[in-house]
$ cat my_file-v1.cif   # mmCIF, C-alpha atoms
data_work
#
loop_
_atom_site.label_atom_id
_atom_site.label_comp_id
_atom_site.auth_asym_id
_atom_site.auth_seq_id
_atom_site.Cartn_x
_atom_site.Cartn_y
_atom_site.Cartn_z
CA MET A 22 17.34 27.24 6.93
CA PRO A 23 14.72 26.26 4.36
CA THR A 24 12.49 29.07 3.15
CA GLU A 25 8.73 28.91 3.68
CA ARG A 26 8.28 28.21 -0.02
CA GLU A 27 10.78 25.34 0.12
CA ALA A 28 8.91 23.91 3.09
CA ALA A 29 5.60 24.27 1.22
CA ALA A 30 7.09 22.54 -1.85
CA PHE A 31 8.27 19.73 0.43
CA GLU A 32 4.75 19.34 1.80
CA ALA A 33 3.34 19.18 -1.75
CA GLY A 34 5.75 16.37 -2.57
CA ILE A 35 4.72 14.39 0.51
CA LYS A 36 1.07 14.57 -0.53
CA LEU A 37 1.66 13.33 -4.09
CA GLY A 38 4.02 10.57 -2.93
CA ALA A 39 1.45 9.45 -0.35
CA LEU A 40 -1.48 9.55 -2.78
CA TYR A 41 0.40 7.49 -5.33
CA HIS A 42 1.85 4.79 -3.11
CA GLN A 43 -1.17 4.38 -0.86
CA PHE A 44 -3.66 3.73 -3.63
CA VAL A 45 -1.78 2.33 -6.66
CA GLY A 46 -2.71 -1.33 -6.98
CA SER A 47 -6.37 -0.87 -5.96
CA PRO A 48 -8.85 -2.79 -8.09
CA VAL A 49 -10.83 -0.24 -10.13
CA SER A 50 -13.19 -0.06 -13.10
CA ALA A 51 -15.06 2.68 -14.94
CA GLU A 52 -17.99 2.00 -12.59
CA THR A 53 -15.98 2.38 -9.39
CA ALA A 54 -13.42 5.01 -10.38
CA GLU A 55 -15.44 7.84 -8.92
CA SER A 56 -15.66 6.44 -5.41
CA LEU A 57 -11.91 5.85 -5.46
CA GLU A 58 -11.27 9.42 -6.64
CA VAL A 59 -13.43 10.82 -3.84
CA ALA A 60 -11.75 8.66 -1.19
CA MET A 61 -8.30 9.65 -2.42
CA GLU A 62 -9.18 13.36 -2.39
CA GLU A 63 -10.76 13.25 1.06
CA SER A 64 -7.98 11.15 2.53
CA ILE A 65 -5.10 13.31 1.33
CA SER A 66 -7.01 16.50 2.19
CA LEU A 67 -6.57 15.60 5.85
CA GLN A 68 -2.80 15.91 5.74
CA PRO A 69 -1.18 19.07 7.14
CA PHE A 70 -1.20 22.32 5.12
CA VAL A 71 -3.46 21.05 2.33
CA ARG A 72 -5.76 23.67 0.79
CA SER A 73 -7.18 21.41 -1.91
CA VAL A 74 -6.66 18.10 -3.65
CA SER A 75 -8.21 16.91 -6.89
CA VAL A 76 -7.84 13.44 -8.37
CA GLU A 77 -8.96 12.12 -11.74
CA ILE A 78 -8.55 8.56 -12.95
CA ASP A 79 -8.27 8.32 -16.72
CA ARG A 80 -11.13 6.05 -17.82
CA GLN A 81 -9.51 5.56 -21.24
CA MET A 82 -6.44 3.99 -19.68
CA LEU A 83 -8.48 1.75 -17.40
CA GLY A 84 -8.15 -1.64 -19.01
CA ARG A 85 -10.38 -4.60 -18.29
CA ASN A 86 -8.75 -7.89 -17.44
CA VAL A 87 -10.33 -11.27 -18.01
CA PHE A 88 -12.49 -10.70 -14.92
CA GLY A 89 -13.72 -7.32 -16.20
CA TYR A 90 -11.78 -4.87 -14.07
CA GLY A 91 -8.39 -3.16 -13.85
CA GLU A 92 -5.93 -2.00 -11.27
CA LEU A 93 -5.00 1.58 -10.43
CA ALA A 94 -1.67 2.46 -12.03
CA GLY A 95 0.27 5.69 -11.67
CA LYS A 96 -0.14 6.46 -15.35
CA MET A 97 -3.93 6.69 -14.98
CA LEU A 98 -3.73 9.43 -12.38
CA ARG A 99 -4.05 13.16 -12.80
CA ALA A 100 -3.89 14.87 -9.44
CA GLU A 101 -3.31 18.37 -8.17
CA VAL A 102 -2.58 19.60 -4.67
CA GLU A 103 -2.51 23.12 -3.31
CA ILE A 104 -0.48 23.73 -0.18
CA ASP A 105 -0.68 26.72 2.10
CA ARG A 106 2.01 26.63 4.75
CA HIS A 107 2.05 29.72 6.91
CA GLY A 108 0.99 31.79 3.91
CA ALA A 109 3.44 30.25 1.42
CA ARG A 110 1.38 28.67 -1.33
CA VAL A 111 2.46 26.14 -3.91
CA ARG A 112 0.63 23.92 -6.35
CA ALA A 113 1.89 20.60 -7.69
CA ARG A 114 0.62 18.08 -10.20
CA LEU A 115 0.93 14.40 -10.97
CA GLU A 116 0.27 13.75 -14.64
CA TYR A 117 1.20 11.12 -17.16
CA ASP A 118 3.90 12.36 -19.52
CA PRO A 119 3.38 10.44 -22.77
CA GLN A 120 6.78 11.31 -24.23
CA ALA A 121 8.64 10.00 -21.22
CA ASP A 122 5.94 7.34 -20.63
CA TYR A 123 6.15 8.26 -16.96
CA PRO A 124 3.74 9.54 -14.30
CA LEU A 125 5.49 12.85 -13.69
CA MET A 126 5.14 14.94 -10.55
CA SER A 127 6.00 18.62 -10.84
CA LEU A 128 5.65 21.93 -9.05
CA LEU A 129 3.45 24.32 -10.95
CA ASP A 130 3.83 27.70 -11.82
CA MET B 21 -7.60 -31.62 -5.71
CA PRO B 22 -9.09 -28.78 -3.65
CA THR B 23 -12.86 -28.90 -3.20
CA GLU B 24 -15.04 -26.07 -4.46
CA ARG B 25 -15.56 -24.92 -0.89
CA GLU B 26 -11.81 -24.87 -0.24
CA ALA B 27 -11.33 -22.81 -3.40
CA ALA B 28 -14.10 -20.44 -2.28
CA ALA B 29 -12.51 -20.11 1.16
CA PHE B 30 -9.19 -19.32 -0.56
CA GLU B 31 -10.88 -16.57 -2.57
CA ALA B 32 -12.40 -15.10 0.60
CA GLY B 33 -8.94 -14.93 2.16
CA ILE B 34 -7.52 -13.13 -0.87
CA LYS B 35 -10.19 -10.45 -0.62
CA LEU B 36 -9.63 -9.74 3.09
CA GLY B 37 -5.84 -9.74 2.69
CA ALA B 38 -6.14 -7.34 -0.24
CA LEU B 39 -8.58 -5.02 1.53
CA TYR B 40 -6.38 -4.80 4.58
CA HIS B 41 -3.00 -4.28 2.97
CA GLN B 42 -4.17 -1.98 0.20
CA PHE B 43 -5.86 0.54 2.45
CA VAL B 44 -4.24 0.37 5.91
CA GLY B 45 -2.18 3.53 6.38
CA SER B 46 -4.65 5.83 4.58
CA PRO B 47 -5.28 9.14 6.33
CA VAL B 48 -8.85 9.10 7.67
CA SER B 49 -11.11 11.00 10.07
CA ALA B 50 -14.71 10.73 11.22
CA GLU B 51 -15.61 13.13 8.41
CA THR B 52 -13.94 11.09 5.65
CA ALA B 53 -14.44 7.54 6.91
CA GLU B 54 -17.54 7.02 4.81
CA SER B 55 -15.92 7.77 1.47
CA LEU B 56 -13.09 5.40 2.33
CA GLU B 57 -15.56 2.66 3.29
CA VAL B 58 -17.40 3.07 0.00
CA ALA B 59 -14.20 3.03 -2.05
CA MET B 60 -12.96 -0.08 -0.23
CA GLU B 61 -16.26 -1.90 -0.79
CA GLU B 62 -16.50 -0.98 -4.46
CA SER B 63 -12.85 -1.77 -5.13
CA ILE B 64 -12.84 -5.21 -3.57
CA SER B 65 -16.26 -6.02 -5.09
CA LEU B 66 -14.56 -6.08 -8.50
CA GLN B 67 -12.40 -9.07 -7.64
CA PRO B 68 -13.40 -12.50 -8.95
CA PHE B 69 -16.23 -14.47 -7.29
CA VAL B 70 -17.31 -11.68 -4.92
CA ARG B 71 -21.02 -11.59 -4.14
CA SER B 72 -20.83 -8.78 -1.59
CA VAL B 73 -18.40 -6.80 0.53
CA SER B 74 -19.19 -4.56 3.47
CA VAL B 75 -16.68 -2.39 5.32
CA GLU B 76 -17.12 -0.38 8.49
CA ILE B 77 -14.47 1.80 10.07
CA ASP B 78 -14.90 2.11 13.83
CA ARG B 79 -15.27 5.83 14.53
CA GLN B 80 -14.56 5.28 18.23
CA MET B 81 -11.11 3.91 17.48
CA LEU B 82 -10.30 6.72 15.06
CA GLY B 83 -7.92 8.89 17.01
CA ARG B 84 -6.99 12.44 16.12
CA ASN B 85 -3.35 13.34 15.93
CA VAL B 86 -1.97 16.82 16.48
CA PHE B 87 -3.15 17.75 12.98
CA GLY B 88 -6.69 16.52 13.65
CA TYR B 89 -6.84 13.25 11.75
CA GLY B 90 -5.90 9.59 12.07
CA GLU B 91 -4.64 6.74 9.95
CA LEU B 92 -6.52 3.61 8.99
CA ALA B 93 -5.36 0.69 11.16
CA GLY B 94 -6.44 -2.91 10.89
CA LYS B 95 -8.02 -2.80 14.33
CA MET B 96 -10.54 -0.18 13.18
CA LEU B 97 -11.90 -2.39 10.42
CA ARG B 98 -14.96 -4.60 10.43
CA ALA B 99 -15.43 -6.16 7.02
CA GLU B 100 -17.39 -9.05 5.58
CA VAL B 101 -17.10 -10.72 2.21
CA GLU B 102 -19.40 -13.25 0.58
CA ILE B 103 -17.89 -15.44 -2.12
CA ASP B 104 -19.78 -17.49 -4.66
CA ARG B 105 -17.43 -19.67 -6.69
CA HIS B 106 -19.27 -21.95 -9.05
CA GLY B 107 -22.07 -22.26 -6.54
CA ALA B 108 -19.89 -22.83 -3.49
CA ARG B 109 -20.60 -20.00 -1.07
CA VAL B 110 -18.56 -18.88 1.89
CA ARG B 111 -18.57 -15.83 4.10
CA ALA B 112 -15.60 -14.42 5.97
CA ARG B 113 -15.06 -11.59 8.38
CA LEU B 114 -12.32 -9.28 9.56
CA GLU B 115 -13.00 -8.02 13.05
CA TYR B 116 -10.99 -6.73 15.95
CA ASP B 117 -10.65 -9.34 18.67
CA PRO B 118 -10.23 -7.37 21.90
CA GLN B 119 -9.00 -10.33 23.93
CA ALA B 120 -6.22 -11.11 21.51
CA ASP B 121 -5.86 -7.39 20.65
CA TYR B 122 -5.65 -8.50 17.02
CA PRO B 123 -7.61 -7.82 13.82
CA LEU B 124 -8.78 -11.37 13.28
CA MET B 125 -9.91 -12.80 9.96
CA SER B 126 -12.15 -15.86 10.07
CA LEU B 127 -14.44 -17.96 7.94
CA LEU B 128 -18.00 -17.76 9.06
CA ASP B 129 -20.39 -20.33 8.81
CA MET C 16 8.83 29.65 -11.54
CA PRO C 17 9.97 27.38 -8.71
CA THR C 18 13.63 27.67 -7.74
CA GLU C 19 15.92 24.64 -8.02
CA ARG C 20 15.91 24.35 -4.24
CA GLU C 21 12.11 24.37 -4.15
CA ALA C 22 12.06 21.65 -6.80
CA ALA C 23 14.61 19.64 -4.79
CA ALA C 24 12.53 20.06 -1.63
CA PHE C 25 9.48 18.85 -3.58
CA GLU C 26 11.41 15.74 -4.65
CA ALA C 27 12.42 15.06 -1.05
CA GLY C 28 8.77 15.18 -0.01
CA ILE C 29 7.78 12.72 -2.73
CA LYS C 30 10.35 10.21 -1.50
CA LEU C 31 9.25 10.34 2.15
CA GLY C 32 5.55 10.19 1.23
CA ALA C 33 6.22 7.19 -1.01
CA LEU C 34 8.35 5.37 1.56
CA TYR C 35 5.74 5.81 4.24
CA HIS C 36 2.62 4.89 2.33
CA GLN C 37 4.13 2.03 0.35
CA PHE C 38 5.44 0.10 3.33
CA VAL C 39 3.35 1.03 6.39
CA GLY C 40 1.20 -1.97 7.25
CA SER C 41 3.87 -4.57 6.40
CA PRO C 42 4.17 -7.40 8.92
CA VAL C 43 7.51 -6.98 10.71
CA SER C 44 9.37 -8.25 13.77
CA ALA C 45 12.77 -7.67 15.34
CA GLU C 46 14.02 -10.64 13.30
CA THR C 47 12.81 -9.30 9.94
CA ALA C 48 13.19 -5.54 10.42
CA GLU C 49 16.57 -5.47 8.73
CA SER C 50 15.42 -6.98 5.45
CA LEU C 51 12.54 -4.52 5.34
CA GLU C 52 14.89 -1.60 6.00
CA VAL C 53 17.17 -2.71 3.17
CA ALA C 54 14.29 -3.18 0.73
CA MET C 55 12.87 0.24 1.61
CA GLU C 56 16.23 1.93 1.14
CA GLU C 57 16.98 0.22 -2.16
CA SER C 58 13.49 0.77 -3.51
CA ILE C 59 13.31 4.49 -2.78
CA SER C 60 16.92 4.98 -3.94
CA LEU C 61 15.73 4.24 -7.46
CA GLN C 62 13.52 7.31 -7.64
CA PRO C 63 14.75 10.39 -9.53
CA PHE C 64 17.35 12.72 -7.96
CA VAL C 65 18.02 10.56 -4.89
CA ARG C 66 21.58 10.72 -3.57
CA SER C 67 20.98 8.56 -0.53
CA VAL C 68 18.26 7.05 1.61
CA SER C 69 18.57 5.56 5.06
CA VAL C 70 15.81 3.81 6.97
CA GLU C 71 15.74 2.57 10.55
CA ILE C 72 12.86 0.75 12.18
CA ASP C 73 12.73 1.32 15.93
CA ARG C 74 12.94 -2.14 17.51
CA GLN C 75 11.73 -0.78 20.85
CA MET C 76 8.43 0.32 19.33
CA LEU C 77 7.93 -2.97 17.52
CA GLY C 78 5.24 -4.69 19.51
CA ARG C 79 4.41 -8.37 19.33
CA ASN C 80 0.82 -9.35 18.83
CA VAL C 81 -0.68 -12.64 19.95
CA PHE C 82 0.97 -14.32 16.95
CA GLY C 83 4.39 -12.90 17.83
CA TYR C 84 4.86 -10.15 15.29
CA GLY C 85 3.95 -6.52 14.63
CA GLU C 86 3.05 -4.25 11.77
CA LEU C 87 5.11 -1.38 10.42
CA ALA C 88 3.69 1.92 11.68
CA GLY C 89 4.86 5.40 10.76
CA LYS C 90 5.93 6.09 14.32
CA MET C 91 8.55 3.32 14.17
CA LEU C 92 10.34 4.88 11.22
CA ARG C 93 13.39 7.08 11.15
CA ALA C 94 14.36 7.85 7.58
CA GLU C 95 16.55 10.36 5.83
CA VAL C 96 16.78 11.24 2.15
CA GLU C 97 19.32 13.38 0.35
CA ILE C 98 18.25 14.87 -2.96
CA ASP C 99 20.51 16.34 -5.60
CA ARG C 100 18.51 17.96 -8.38
CA HIS C 101 20.70 19.68 -10.91
CA GLY C 102 23.11 20.61 -8.17
CA ALA C 103 20.53 21.80 -5.66
CA ARG C 104 20.84 19.60 -2.59
CA VAL C 105 18.39 19.14 0.22
CA ARG C 106 18.04 16.66 3.05
CA ALA C 107 14.82 15.65 4.73
CA ARG C 108 13.89 13.42 7.63
CA LEU C 109 10.98 11.39 8.87
CA GLU C 110 11.13 10.97 12.63
CA TYR C 111 8.69 10.34 15.43
CA ASP C 112 8.02 13.48 17.42
CA PRO C 113 7.12 12.29 20.92
CA GLN C 114 5.66 15.62 22.04
CA ALA C 115 3.26 15.78 19.12
CA ASP C 116 2.97 11.95 19.08
CA TYR C 117 3.30 12.21 15.30
CA PRO C 118 5.68 10.85 12.64
CA LEU C 119 6.98 14.21 11.49
CA MET C 120 8.60 14.88 8.12
CA SER C 121 10.83 17.92 7.86
CA LEU C 122 13.43 19.52 5.66
CA LEU C 123 16.80 19.69 7.29
CA ASP C 124 18.79 22.61 6.74
CA MET D 5 -18.61 -25.23 10.32
CA PRO D 6 -15.65 -24.82 8.00
CA THR D 7 -13.30 -27.80 7.79
CA GLU D 8 -9.66 -27.48 8.80
CA ARG D 9 -8.68 -27.61 5.14
CA GLU D 10 -11.12 -24.83 4.27
CA ALA D 11 -9.67 -22.74 7.08
CA ALA D 12 -6.14 -23.45 5.84
CA ALA D 13 -7.14 -22.48 2.28
CA PHE D 14 -8.59 -19.24 3.68
CA GLU D 15 -5.28 -18.51 5.41
CA ALA D 16 -3.39 -19.12 2.16
CA GLY D 17 -5.60 -16.60 0.39
CA ILE D 18 -4.98 -13.98 3.07
CA LYS D 19 -1.22 -14.32 2.62
CA LEU D 20 -1.28 -13.94 -1.16
CA GLY D 21 -3.73 -11.02 -1.01
CA ALA D 22 -1.53 -9.32 1.59
CA LEU D 23 1.70 -9.91 -0.31
CA TYR D 24 0.25 -8.51 -3.51
CA HIS D 25 -1.46 -5.41 -2.18
CA GLN D 26 1.22 -4.45 0.33
CA PHE D 27 4.08 -4.41 -2.14
CA VAL D 28 2.68 -3.76 -5.64
CA GLY D 29 3.71 -0.25 -6.65
CA SER D 30 7.17 -0.40 -5.02
CA PRO D 31 9.98 1.03 -7.15
CA VAL D 32 12.18 -1.88 -8.26
CA SER D 33 14.95 -2.69 -10.75
CA ALA D 34 17.01 -5.74 -11.62
CA GLU D 35 19.58 -4.51 -9.10
CA THR D 36 17.13 -4.19 -6.21
CA ALA D 37 14.69 -7.02 -6.95
CA GLU D 38 16.45 -9.41 -4.62
CA SER D 39 16.17 -7.25 -1.51
CA LEU D 40 12.48 -6.75 -2.23
CA GLU D 41 11.95 -10.49 -2.66
CA VAL D 42 13.67 -11.19 0.67
CA ALA D 43 11.67 -8.52 2.49
CA MET D 44 8.40 -9.82 1.04
CA GLU D 45 9.22 -13.40 2.04
CA GLU D 46 10.29 -12.51 5.56
CA SER D 47 7.36 -10.17 6.10
CA ILE D 48 4.65 -12.58 5.01
CA SER D 49 6.36 -15.46 6.83
CA LEU D 50 5.42 -13.78 10.10
CA GLN D 51 1.69 -14.17 9.53
CA PRO D 52 -0.17 -16.95 11.35
CA PHE D 53 0.08 -20.56 10.13
CA VAL D 54 2.75 -19.92 7.49
CA ARG D 55 5.19 -22.78 6.91
CA SER D 56 7.03 -21.16 4.02
CA VAL D 57 6.82 -18.34 1.52
CA SER D 58 8.84 -17.90 -1.65
CA VAL D 59 8.74 -14.86 -3.90
CA GLU D 60 10.35 -14.32 -7.29
CA ILE D 61 10.18 -11.13 -9.30
CA ASP D 62 10.47 -11.76 -13.04
CA ARG D 63 13.49 -9.76 -14.21
CA GLN D 64 12.38 -10.07 -17.83
CA MET D 65 9.14 -8.24 -17.14
CA LEU D 66 10.88 -5.52 -15.15
CA GLY D 67 10.84 -2.57 -17.51
CA ARG D 68 12.99 0.52 -17.16
CA ASN D 69 11.31 3.88 -17.33
CA VAL D 70 13.01 7.09 -18.42
CA PHE D 71 14.69 7.26 -15.00
CA GLY D 72 16.02 3.71 -15.29
CA TYR D 73 13.76 1.75 -12.97
CA GLY D 74 10.36 0.09 -12.85
CA GLU D 75 7.52 -0.52 -10.46
CA LEU D 76 6.43 -3.82 -8.97
CA ALA D 77 3.34 -5.10 -10.80
CA GLY D 78 1.32 -8.19 -10.01
CA LYS D 79 2.25 -9.77 -13.31
CA MET D 80 5.93 -9.85 -12.36
CA LEU D 81 5.32 -11.94 -9.27
CA ARG D 82 5.64 -15.65 -8.77
CA ALA D 83 4.95 -16.55 -5.18
CA GLU D 84 4.15 -19.69 -3.25
CA VAL D 85 2.89 -20.10 0.30
CA GLU D 86 2.57 -23.23 2.38
CA ILE D 87 0.10 -23.14 5.24
CA ASP D 88 -0.08 -25.54 8.14
CA ARG D 89 -3.13 -24.89 10.30
CA HIS D 90 -3.51 -27.42 13.05
CA GLY D 91 -2.09 -30.08 10.78
CA ALA D 92 -4.12 -29.19 7.69
CA ARG D 93 -1.66 -28.26 4.97
CA VAL D 94 -2.31 -26.39 1.76
CA ARG D 95 -0.12 -24.73 -0.81
CA ALA D 96 -1.11 -21.82 -3.02
CA ARG D 97 0.54 -19.93 -5.83
CA LEU D 98 0.43 -16.53 -7.45
CA GLU D 99 1.61 -16.72 -11.04
CA TYR D 100 1.10 -14.75 -14.21
CA ASP D 101 -1.26 -16.53 -16.58
CA PRO D 102 -0.24 -15.40 -20.07
CA GLN D 103 -3.43 -16.63 -21.76
CA ALA D 104 -5.67 -14.70 -19.41
CA ASP D 105 -3.04 -11.93 -19.09
CA TYR D 106 -3.79 -12.00 -15.36
CA PRO D 107 -1.80 -12.59 -12.15
CA LEU D 108 -3.68 -15.70 -11.07
CA MET D 109 -3.82 -17.02 -7.53
CA SER D 110 -4.71 -20.67 -7.10
CA LEU D 111 -4.68 -23.48 -4.58
CA LEU D 112 -2.30 -26.20 -5.53
CA ASP D 113 -3.36 -29.62 -5.19
#
$ encode --input "my_file-v1.cif" --output "structure tokens"
Amino acid sequence: MPTEREAAAFEAGIKLGALYHQFVGSPVSAETAESLEVAMEESISLQPFVRSVSVEIDRQMLGRNVFGYGELAGKMLRAEVEIDRHGARVRARLEYDPQADYPLMSLLD
Amino acid sequence: MPTEREAAAFEAGIKLGALYHQFVGSPVSAETAESLEVAMEESISLQPFVRSVSVEIDRQMLGRNVFGYGELAGKMLRAEVEIDRHGARVRARLEYDPQADYPLMSLLD
Amino acid sequence: MPTEREAAAFEAGIKLGALYHQFVGSPVSAETAESLEVAMEESISLQPFVRSVSVEIDRQMLGRNVFGYGELAGKMLRAEVEIDRHGARVRARLEYDPQADYPLMSLLD
Amino acid sequence: MPTEREAAAFEAGIKLGALYHQFVGSPVSAETAESLEVAMEESISLQPFVRSVSVEIDRQMLGRNVFGYGELAGKMLRAEVEIDRHGARVRARLEYDPQADYPLMSLLD
């Protein structure tokens, strides 16, 4: 049987996978990044066992295409989730890893 | 060659197709619907030739699952876009059609 | 520090969250369900530490709207992933729970 | 009132907007690109008034990250849709425009 901490880690993974694949591809610019961050945080906060979610979109990485906007890519995202599942708590993070050039998800602490 | 109005109608379709398929599936509740509406409006407003976008999520249709939230479905959406492409203006709407039980997109005029 | 099994459980969660939120909302019918299943399996199989992925779309739950097709909903999905992360193996499943009326994700033991 | 050709152009836009925003972000590699192309074609073919859909993912643009795969981006897509709405036919294309560095959607003549 999985332990409570394993189940909590599983829940943390679900949240980051959902956050990423629901919203990547959204049109975004420096002017609209904040409303997208808020919507992402509030949306994922509804999922089971979430204690907190924070999302930041890196304005530096937000390019502007010929029409003056960009598109949300995984590499622009820094997100953290805290899970509390029946008292078992875990934290996980999505963050761009520049050496691997990859948006890495990892369990903290 | 397409007319300017045909090209504007094409642009209107792109915006509604994008809005729908980018955001359907997002966790949402009565408490978070507003931030999702704002993010959807601001995101799609960035696309080329958009004059305005409005999005409303029908709170009545927003069910609550066993964990107390719902998921954005096309039928809950009422959205309007106004396109201005080189002076050719069109408006289009996404709205649930109860007789067809279908989230219908149509050009207004 | 997380254990290897916790990290593997986290990876399993990522895969199911990704699968769900990437593809829910796709137009689908009984005639096209198989190609969507294959694409979902092959796509998620590429992610790190995946040993296998299987996806089934429940044809019974696939409604037909007035235009003769449906839209992929979480409740129609039965998916399993096997993760092998540095030797730690976990399996997880997404499956509709009729009592809760919810597409439940859980670690298998 | 919109003309039949305007309405057909609107439908073409919906299909390309849907195709793009439903599937962008999917994990993909040279080995799995074909199943994703087939699923995208079959899925969008179900939508109203579609006569045909073709989708090609540019294998050259498909990078490999540190884990050996990539992610579907708009720039990799070349897609065409043919719409027939009550006899009014239009064709539209999504194609990367290298000068604008933008995945451009346009009505064909």
$ calpha_fit_and_write --input "my_file-v1.cif" --fixed "chain B" --moving "chain D" --output "short mmCIF file (atom, residue, chain, number, x, y, z; two decimals) with C-alpha atoms, keeping the file's coordinate frame"
data_model
loop_
_atom_site.label_atom_id
_atom_site.label_comp_id
_atom_site.auth_asym_id
_atom_site.auth_seq_id
_atom_site.Cartn_x
_atom_site.Cartn_y
_atom_site.Cartn_z
CA MET D 5 -7.62 -31.61 -5.72
CA PRO D 6 -9.09 -28.80 -3.66
CA THR D 7 -12.87 -28.90 -3.20
CA GLU D 8 -15.05 -26.07 -4.47
CA ARG D 9 -15.57 -24.93 -0.89
CA GLU D 10 -11.82 -24.88 -0.25
CA ALA D 11 -11.35 -22.82 -3.39
CA ALA D 12 -14.11 -20.43 -2.29
CA ALA D 13 -12.51 -20.10 1.17
CA PHE D 14 -9.20 -19.31 -0.56
CA GLU D 15 -10.90 -16.57 -2.57
CA ALA D 16 -12.40 -15.09 0.61
CA GLY D 17 -8.94 -14.92 2.16
CA ILE D 18 -7.52 -13.13 -0.87
CA LYS D 19 -10.20 -10.44 -0.62
CA LEU D 20 -9.64 -9.74 3.08
CA GLY D 21 -5.85 -9.75 2.69
CA ALA D 22 -6.15 -7.34 -0.24
CA LEU D 23 -8.58 -5.02 1.52
CA TYR D 24 -6.38 -4.80 4.59
CA HIS D 25 -3.00 -4.29 2.97
CA GLN D 26 -4.17 -1.98 0.19
CA PHE D 27 -5.85 0.54 2.45
CA VAL D 28 -4.24 0.36 5.92
CA GLY D 29 -2.19 3.52 6.39
CA SER D 30 -4.65 5.83 4.58
CA PRO D 31 -5.26 9.15 6.33
CA VAL D 32 -8.83 9.10 7.67
CA SER D 33 -11.09 11.01 10.07
CA ALA D 34 -14.69 10.74 11.21
CA GLU D 35 -15.58 13.14 8.40
CA THR D 36 -13.92 11.10 5.65
CA ALA D 37 -14.44 7.54 6.90
CA GLU D 38 -17.53 7.04 4.81
CA SER D 39 -15.90 7.80 1.46
CA LEU D 40 -13.08 5.42 2.34
CA GLU D 41 -15.54 2.68 3.29
CA VAL D 42 -17.39 3.09 -0.02
CA ALA D 43 -14.18 3.04 -2.05
CA MET D 44 -12.95 -0.07 -0.24
CA GLU D 45 -16.26 -1.87 -0.81
CA GLU D 46 -16.49 -0.96 -4.47
CA SER D 47 -12.85 -1.75 -5.14
CA ILE D 48 -12.84 -5.20 -3.57
CA SER D 49 -16.25 -5.99 -5.10
CA LEU D 50 -14.56 -6.06 -8.50
CA GLN D 51 -12.40 -9.06 -7.65
CA PRO D 52 -13.40 -12.49 -8.97
CA PHE D 53 -16.23 -14.45 -7.30
CA VAL D 54 -17.32 -11.66 -4.94
CA ARG D 55 -21.04 -11.57 -4.14
CA SER D 56 -20.83 -8.76 -1.60
CA VAL D 57 -18.41 -6.78 0.51
CA SER D 58 -19.19 -4.55 3.46
CA VAL D 59 -16.69 -2.38 5.29
CA GLU D 60 -17.12 -0.37 8.47
CA ILE D 61 -14.47 1.81 10.05
CA ASP D 62 -14.91 2.13 13.82
CA ARG D 63 -15.29 5.85 14.52
CA GLN D 64 -14.58 5.29 18.21
CA MET D 65 -11.13 3.91 17.49
CA LEU D 66 -10.32 6.71 15.05
CA GLY D 67 -7.92 8.88 17.00
CA ARG D 68 -7.00 12.43 16.11
CA ASN D 69 -3.35 13.33 15.94
CA VAL D 70 -1.96 16.82 16.49
CA PHE D 71 -3.13 17.75 12.98
CA GLY D 72 -6.67 16.52 13.65
CA TYR D 73 -6.82 13.25 11.76
CA GLY D 74 -5.88 9.60 12.07
CA GLU D 75 -4.64 6.74 9.96
CA LEU D 76 -6.52 3.60 8.99
CA ALA D 77 -5.37 0.69 11.16
CA GLY D 78 -6.44 -2.92 10.91
CA LYS D 79 -8.04 -2.79 14.33
CA MET D 80 -10.55 -0.18 13.17
CA LEU D 81 -11.93 -2.39 10.43
CA ARG D 82 -14.97 -4.59 10.41
CA ALA D 83 -15.43 -6.16 7.02
CA GLU D 84 -17.40 -9.03 5.57
CA VAL D 85 -17.11 -10.72 2.19
CA GLU D 86 -19.40 -13.24 0.57
CA ILE D 87 -17.90 -15.43 -2.12
CA ASP D 88 -19.77 -17.49 -4.66
CA ARG D 89 -17.43 -19.67 -6.70
CA HIS D 90 -19.27 -21.94 -9.06
CA GLY D 91 -22.06 -22.26 -6.55
CA ALA D 92 -19.88 -22.82 -3.48
CA ARG D 93 -20.61 -20.00 -1.07
CA VAL D 94 -18.58 -18.87 1.90
CA ARG D 95 -18.59 -15.81 4.09
CA ALA D 96 -15.61 -14.41 5.95
CA ARG D 97 -15.08 -11.58 8.38
CA LEU D 98 -12.33 -9.27 9.54
CA GLU D 99 -13.03 -8.02 13.04
CA TYR D 100 -11.01 -6.73 15.95
CA ASP D 101 -10.68 -9.34 18.67
CA PRO D 102 -10.27 -7.38 21.91
CA GLN D 103 -9.03 -10.36 23.94
CA ALA D 104 -6.25 -11.13 21.50
CA ASP D 105 -5.89 -7.41 20.66
CA TYR D 106 -5.68 -8.52 17.02
CA PRO D 107 -7.61 -7.81 13.80
CA LEU D 108 -8.81 -11.37 13.26
CA MET D 109 -9.94 -12.79 9.94
CA SER D 110 -12.15 -15.86 10.06
CA LEU D 111 -14.45 -17.96 7.93
CA LEU D 112 -18.00 -17.78 9.09
CA ASP D 113 -19.92 -20.81 9.27
#
$ resolve_selection --input "my_file-v1.cif" --expression "the PyMOL selection byres ((chain D) within 10 of (chain C))" --output "PyMOL selection string"
chain D and resi 22-23+25-33+35-53+70-75
$ resolve_selection --input "my_file-v1.cif" --expression "the PyMOL selection byres ((chain B and resi 111) around 6)" --output "VMD selection string"
chain B and resid 101 to 102 110 112 128
$ residues_around --input "my_file-v1.cif" --residues "Leu111 in chain D" --least-positions-apart "3" --cutoff "10 Å" --atoms "all atoms listed in the file" --output "PyMOL selection string"
(chain B and resi 21-23+26-27+30-31) or (chain D and resi 13+16-17+84-85+94-98)
